[in-house]
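**Q** I'd like to ask some things about the structure below.
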There are 2 protein chains.
Amino acid sequence: MKVFIEPIGKLVNQFAKLPGVGMKTAQRFAYKVINMTDKEAEEFADAIISAKKNVHYCRICGNFSEGDVCDVCKLRSDEVICVVKEPKDVIAIEKLNEFDGVYHVLHGTISPMQGIGPDDINIKGLLKRIQGGNVKEVIMATNPDVEGEATAMYIGSLLKPLGIKVTRLAHGLPIGTDLEYADEVSLARAFVDRKTI
Amino acid sequence: MKVFIEPIGKLVNQFAKLPGVGMKTAQRFAYKVINMTDKEAEEFADAIISAKKNVHYCRICGNFSEGDVCDVCKLRSDEVICVVKEPKDVIAIEKLNEFDGVYHVLHGTISPMQGIGPDDINIKGLLKRIQGGNVKEVIMATNPDVEGEATAMYIGSLLKPLGIKVTRLAHGLPIGTDLEYADEVSLARAFVDRKTI
């Protein structure tokens with residue numbers, strides 16, 4: 001006797017493909033869908049198809065876009081470019097409402113361990129944008145891990161000879177934590193990068 | 001500037017409807033879908049529509065079924081009926097490979113607090129099955145909470161006069177736990193229901 005009838009089993013398997021979702025959670029999601037109205041289930045399925053069909057990448061910056069060029073590239077000055085690893089990093093920064101420049105999405109970081117070299121990520125596109133002549137500063141906002149640091153250094157070394165100011169997001173203690181709970185690397189960085197008050 | 005472009009925002013909202021899924025997790029699910037191939041996304045959407053369309057409830061026991069009558073009711077003897085609250089409880093028991101009788105799904109438990117009385121759950125269907133004359137034992141496998149206990153007691157009081165053996169799943173210490181970590185109610189039940197060894 002199969003534990004699941006086929007349409008439920010299939011849906012459970014689909015949900016189990018989502019990141020961090022095991023079989024138990026996938027089951028709960030499947031029950032939720034079965035208890036939806038027909039209309040709700042259709043809206044759910046349509047949202048999946050529509051996201052897959054209508055989300056493209058901006059020709060200029062590589063961010064998610066509905067059209068050929070994203071709204072950020074259309075509407076903002078390109079004097080300051082913030083370089084990130086993935087489109088979701090753009091969303092994290094946009095939520096801050098702090099940065100009003102444009103982005104450049106690398107779609108990866110240099111990782112010799114995984115065989116990802118400088119030509120495998122969108123560095124060429126960045127250099128082309130800079131040749132446009134308008135760019136004053138490039139903020140390297142790749143993750144503070146080995147690959148992110150290496151990528152920031154590499155791109156920095158390419159851009160500095162062109163007279164572009166290259167900056168990196170500050171590291172240090174997260175706001176609101178106790179010293180005792182801070183990880184050692186962040187604490188060490190906070191010492192090295194200490195500021196006069 | 002919207003943080004999400006529309007097709008992503010819609011998909012995030014759909015995922016956020018799933019139980020236990022907040023906006024951050026919904027976002028991660030949406031990125032996963034956007035990174036799927038067209039075929040994978042279609043299969044996902046189809047699985048939702050198909051589960052909604054093809055999952056019905058068995059006319060006899062109320063469990064999930066593709067057809068009018070589920071495979072369990074078709075293939076097994078109905079001498080022992082296990083009564084559960086929801087279809088997912090059937091799946092939990094089927095996974096054990098211990099029980100070879102049939103089920104009866106109440107689709108709820110009696111809960112005066114929520115205005116759910118005996119007529120609002122599928123007790124009539126159970127009585128009708130018992131009038132068939134074949135049933136020897138009814139196992140009450142509703143949850144060990146107030147509503148589940150009350151429902152078990154109520155159904156027990158209806159069935160005993162009919163000469164049906166009514167049993168309840170045993171309560172006590174979960175296997176593998178330390179006494180010190182057991183909840184008080186289970187520990188107290190373990191004392192009351194202690195067995196001679």
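Residue numbering restarts at 1 in every chain; chains get A, B, ... in the order shown in the structure tokens, and ligands count up from 1 in that same order.
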With only C-alpha atoms counted and 8 Å as the cut-off, give the residues of chain B in contact with chain A, each with its shortest interatomic distance in Å and the pair that gives it, as a tab-separated table.
**A**
residue	atom	partner	partner_atom	distance
B:Val3	CA	A:Ile91	CA	5.9
B:Phe4	CA	A:Ile91	CA	7.1
B:Ile5	CA	A:Ser65	CA	6.9
B:Pro7	CA	A:Ala51	CA	4.8
B:Ile8	CA	A:Ala51	CA	5.7
B:Lys10	CA	A:Ala47	CA	6.2
B:Leu11	CA	A:Ala47	CA	5.1
B:Gln14	CA	A:Phe44	CA	5.8
B:Leu18	CA	A:Phe29	CA	5.9
B:Pro19	CA	A:Phe29	CA	6.7
B:Arg28	CA	A:Pro19	CA	7.2
B:Phe29	CA	A:Leu18	CA	5.9
B:Tyr31	CA	A:Lys88	CA	7.9
B:Lys32	CA	A:Leu18	CA	6.7
B:Val33	CA	A:Lys52	CA	6.8
B:Ile34	CA	A:Lys52	CA	5.2
B:Met36	CA	A:Lys52	CA	7.7
B:Asp38	CA	A:Lys52	CA	6.7
B:Ala41	CA	A:Ile49	CA	6.4
B:Glu42	CA	A:Ile49	CA	6.4
B:Phe44	CA	A:Gln14	CA	5.8
B:Ala45	CA	A:Ala45	CA	4.3
B:Asp46	CA	A:Ala45	CA	7.1
B:Ala47	CA	A:Leu11	CA	5.1
B:Ile48	CA	A:Ala45	CA	6.3
B:Ile49	CA	A:Ala41	CA	6.4
B:Ser50	CA	A:Pro7	CA	6.2
B:Ala51	CA	A:Pro7	CA	4.8
B:Lys52	CA	A:Ile34	CA	5.2
B:Lys53	CA	A:Asp38	CA	7.9
B:Asn54	CA	A:Pro7	CA	6.6
B:Val55	CA	A:Pro7	CA	6.8
B:Phe64	CA	A:Ile5	CA	7.6
B:Ser65	CA	A:Ile5	CA	6.9
B:Glu66	CA	A:Ile5	CA	7.0
B:Lys88	CA	A:Tyr31	CA	7.9
B:Ile91	CA	A:Val3	CA	5.9
B:Glu94	CA	A:Val3	CA	6.1
B:Lys95	CA	A:Val3	CA	6.4
**Q** Could you write out, as a ChimeraX atom specification, all the residues of range 61-168 of chain A that DSSP marks as helix (DSSP H, G or I)?
**A** /A:71-75,87-94,112-114,118-120,123-131,146-162
**Q** Restrict the selected residues to N, CA and C atoms and save them as a short mmCIF file (atom, residue, chain, number, x, y, z; two decimals), in the first residue's frame.
**A**
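Full text of again05.cif as output:
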data_model
loop_
_atom_site.label_atom_id
_atom_site.label_comp_id
_atom_site.auth_asym_id
_atom_site.auth_seq_id
_atom_site.Cartn_x
_atom_site.Cartn_y
_atom_site.Cartn_z
N ASP A 71 14.04 49.00 -13.44
CA ASP A 71 13.63 50.33 -13.02
C ASP A 71 14.78 51.11 -12.38
N VAL A 72 15.64 50.41 -11.65
CA VAL A 72 16.75 51.09 -10.98
C VAL A 72 17.68 51.70 -12.04
N CYS A 73 18.04 50.92 -13.04
CA CYS A 73 18.93 51.42 -14.09
C CYS A 73 18.28 52.54 -14.90
N LYS A 74 16.94 52.43 -15.08
CA LYS A 74 16.22 53.45 -15.86
C LYS A 74 16.20 54.78 -15.14
N LEU A 75 16.01 54.74 -13.81
CA LEU A 75 15.65 55.97 -13.09
C LEU A 75 16.78 56.62 -12.31
N PRO A 87 20.90 38.61 -7.17
CA PRO A 87 19.77 39.55 -7.17
C PRO A 87 19.16 39.73 -5.79
N LYS A 88 19.14 38.68 -4.96
CA LYS A 88 18.50 38.84 -3.65
C LYS A 88 19.26 39.82 -2.76
N ASP A 89 20.56 40.01 -3.03
CA ASP A 89 21.32 41.00 -2.28
C ASP A 89 20.83 42.41 -2.59
N VAL A 90 20.42 42.62 -3.84
CA VAL A 90 19.86 43.93 -4.22
C VAL A 90 18.62 44.21 -3.38
N ILE A 91 17.77 43.19 -3.23
CA ILE A 91 16.54 43.38 -2.46
C ILE A 91 16.86 43.72 -1.02
N ALA A 92 17.87 43.02 -0.43
CA ALA A 92 18.26 43.30 0.95
C ALA A 92 18.71 44.75 1.11
N ILE A 93 19.45 45.26 0.13
CA ILE A 93 19.96 46.64 0.23
C ILE A 93 18.84 47.65 -0.05
N GLU A 94 17.99 47.34 -1.03
CA GLU A 94 16.88 48.25 -1.35
C GLU A 94 15.95 48.45 -0.15
N PRO A 112 37.87 29.31 -6.73
CA PRO A 112 38.71 28.30 -7.38
C PRO A 112 38.30 26.88 -6.95
N MET A 113 37.87 26.73 -5.69
CA MET A 113 37.44 25.42 -5.19
C MET A 113 36.31 24.84 -6.03
N GLN A 114 35.38 25.70 -6.46
CA GLN A 114 34.25 25.22 -7.26
C GLN A 114 34.49 25.46 -8.75
N PRO A 118 37.21 34.31 -12.79
CA PRO A 118 36.74 35.67 -13.10
C PRO A 118 35.87 35.73 -14.37
N ASP A 119 36.13 34.83 -15.33
CA ASP A 119 35.35 34.88 -16.57
C ASP A 119 33.97 34.24 -16.43
N ASP A 120 33.76 33.53 -15.32
CA ASP A 120 32.48 32.85 -15.13
C ASP A 120 31.44 33.74 -14.46
N ILE A 123 31.89 40.07 -14.67
CA ILE A 123 32.85 41.16 -14.45
C ILE A 123 33.00 41.99 -15.73
N LYS A 124 32.94 41.31 -16.88
CA LYS A 124 33.06 42.02 -18.17
C LYS A 124 32.02 43.12 -18.30
N GLY A 125 30.78 42.78 -17.90
CA GLY A 125 29.70 43.75 -17.97
C GLY A 125 30.00 44.98 -17.12
N LEU A 126 30.62 44.75 -15.96
CA LEU A 126 30.96 45.86 -15.07
C LEU A 126 32.01 46.77 -15.72
N LEU A 127 33.03 46.14 -16.30
CA LEU A 127 34.09 46.92 -16.94
C LEU A 127 33.52 47.76 -18.09
N LYS A 128 32.59 47.18 -18.82
CA LYS A 128 31.97 47.88 -19.94
C LYS A 128 31.19 49.11 -19.44
N ARG A 129 30.49 48.94 -18.33
CA ARG A 129 29.73 50.06 -17.78
C ARG A 129 30.68 51.18 -17.36
N ILE A 130 31.84 50.80 -16.83
CA ILE A 130 32.79 51.80 -16.34
C ILE A 130 33.44 52.55 -17.50
N GLN A 131 33.60 51.85 -18.62
CA GLN A 131 34.15 52.52 -19.80
C GLN A 131 33.22 53.62 -20.31
N VAL A 146 35.24 34.08 2.26
CA VAL A 146 36.49 33.99 1.48
C VAL A 146 36.26 34.37 0.02
N GLU A 147 35.22 33.79 -0.60
CA GLU A 147 34.98 34.05 -2.02
C GLU A 147 34.63 35.51 -2.25
N GLY A 148 33.78 36.04 -1.36
CA GLY A 148 33.35 37.44 -1.49
C GLY A 148 34.52 38.40 -1.36
N GLU A 149 35.40 38.13 -0.41
CA GLU A 149 36.57 38.99 -0.21
C GLU A 149 37.50 38.90 -1.42
N ALA A 150 37.73 37.67 -1.88
CA ALA A 150 38.64 37.48 -3.01
C ALA A 150 38.11 38.20 -4.25
N THR A 151 36.80 38.11 -4.46
CA THR A 151 36.19 38.75 -5.62
C THR A 151 36.31 40.27 -5.51
N ALA A 152 36.10 40.79 -4.29
CA ALA A 152 36.20 42.23 -4.07
C ALA A 152 37.63 42.71 -4.36
N MET A 153 38.60 41.95 -3.87
CA MET A 153 40.01 42.31 -4.10
C MET A 153 40.33 42.29 -5.59
N TYR A 154 39.88 41.23 -6.26
CA TYR A 154 40.18 41.07 -7.68
C TYR A 154 39.60 42.22 -8.50
N ILE A 155 38.34 42.53 -8.26
CA ILE A 155 37.69 43.61 -9.02
C ILE A 155 38.34 44.95 -8.66
N GLY A 156 38.68 45.11 -7.36
CA GLY A 156 39.37 46.34 -6.94
C GLY A 156 40.67 46.53 -7.71
N SER A 157 41.41 45.43 -7.88
CA SER A 157 42.71 45.54 -8.57
C SER A 157 42.53 45.87 -10.05
N LEU A 158 41.39 45.50 -10.63
CA LEU A 158 41.12 45.85 -12.03
C LEU A 158 40.73 47.32 -12.18
N LEU A 159 39.99 47.83 -11.16
CA LEU A 159 39.38 49.16 -11.31
C LEU A 159 40.28 50.30 -10.87
N LYS A 160 41.13 50.04 -9.88
CA LYS A 160 41.95 51.13 -9.35
C LYS A 160 42.82 51.79 -10.43
N PRO A 161 43.48 50.98 -11.31
CA PRO A 161 44.28 51.63 -12.36
C PRO A 161 43.46 52.54 -13.27
N LEU A 162 42.12 52.34 -13.31
CA LEU A 162 41.27 53.18 -14.15
C LEU A 162 40.88 54.48 -13.44
#
**Q** DSSP on the backbone, strand (DSSP E or B) only: what residues of range 14-171 of chain A does that give? Format it as a list in words.
**A**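 Matching residues, listed in order: His56, Tyr57, Phe64, Ser65, Val80, Ile81, Cys82, Val83, Val84, Val102, Tyr103, His104, Val105, Ser111, Ile116, Glu137, Val138, Ile139, Met140, Lys165, Val166, Thr167 and Arg168 of chain A.
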**Q** Could you jot down the CA of Lys85 in chain A to CA of Ile60 in chain A separation for me, Å, one decimal place?
**A**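 About the pair CA of Lys85 in chain A and CA of Ile60 in chain A: they are 15.0 Å apart.
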**Q** CA of Lys195 in chain B to CA of Gly163 in chain B: how many Å, to one decimal?
**A** 26.5 Å
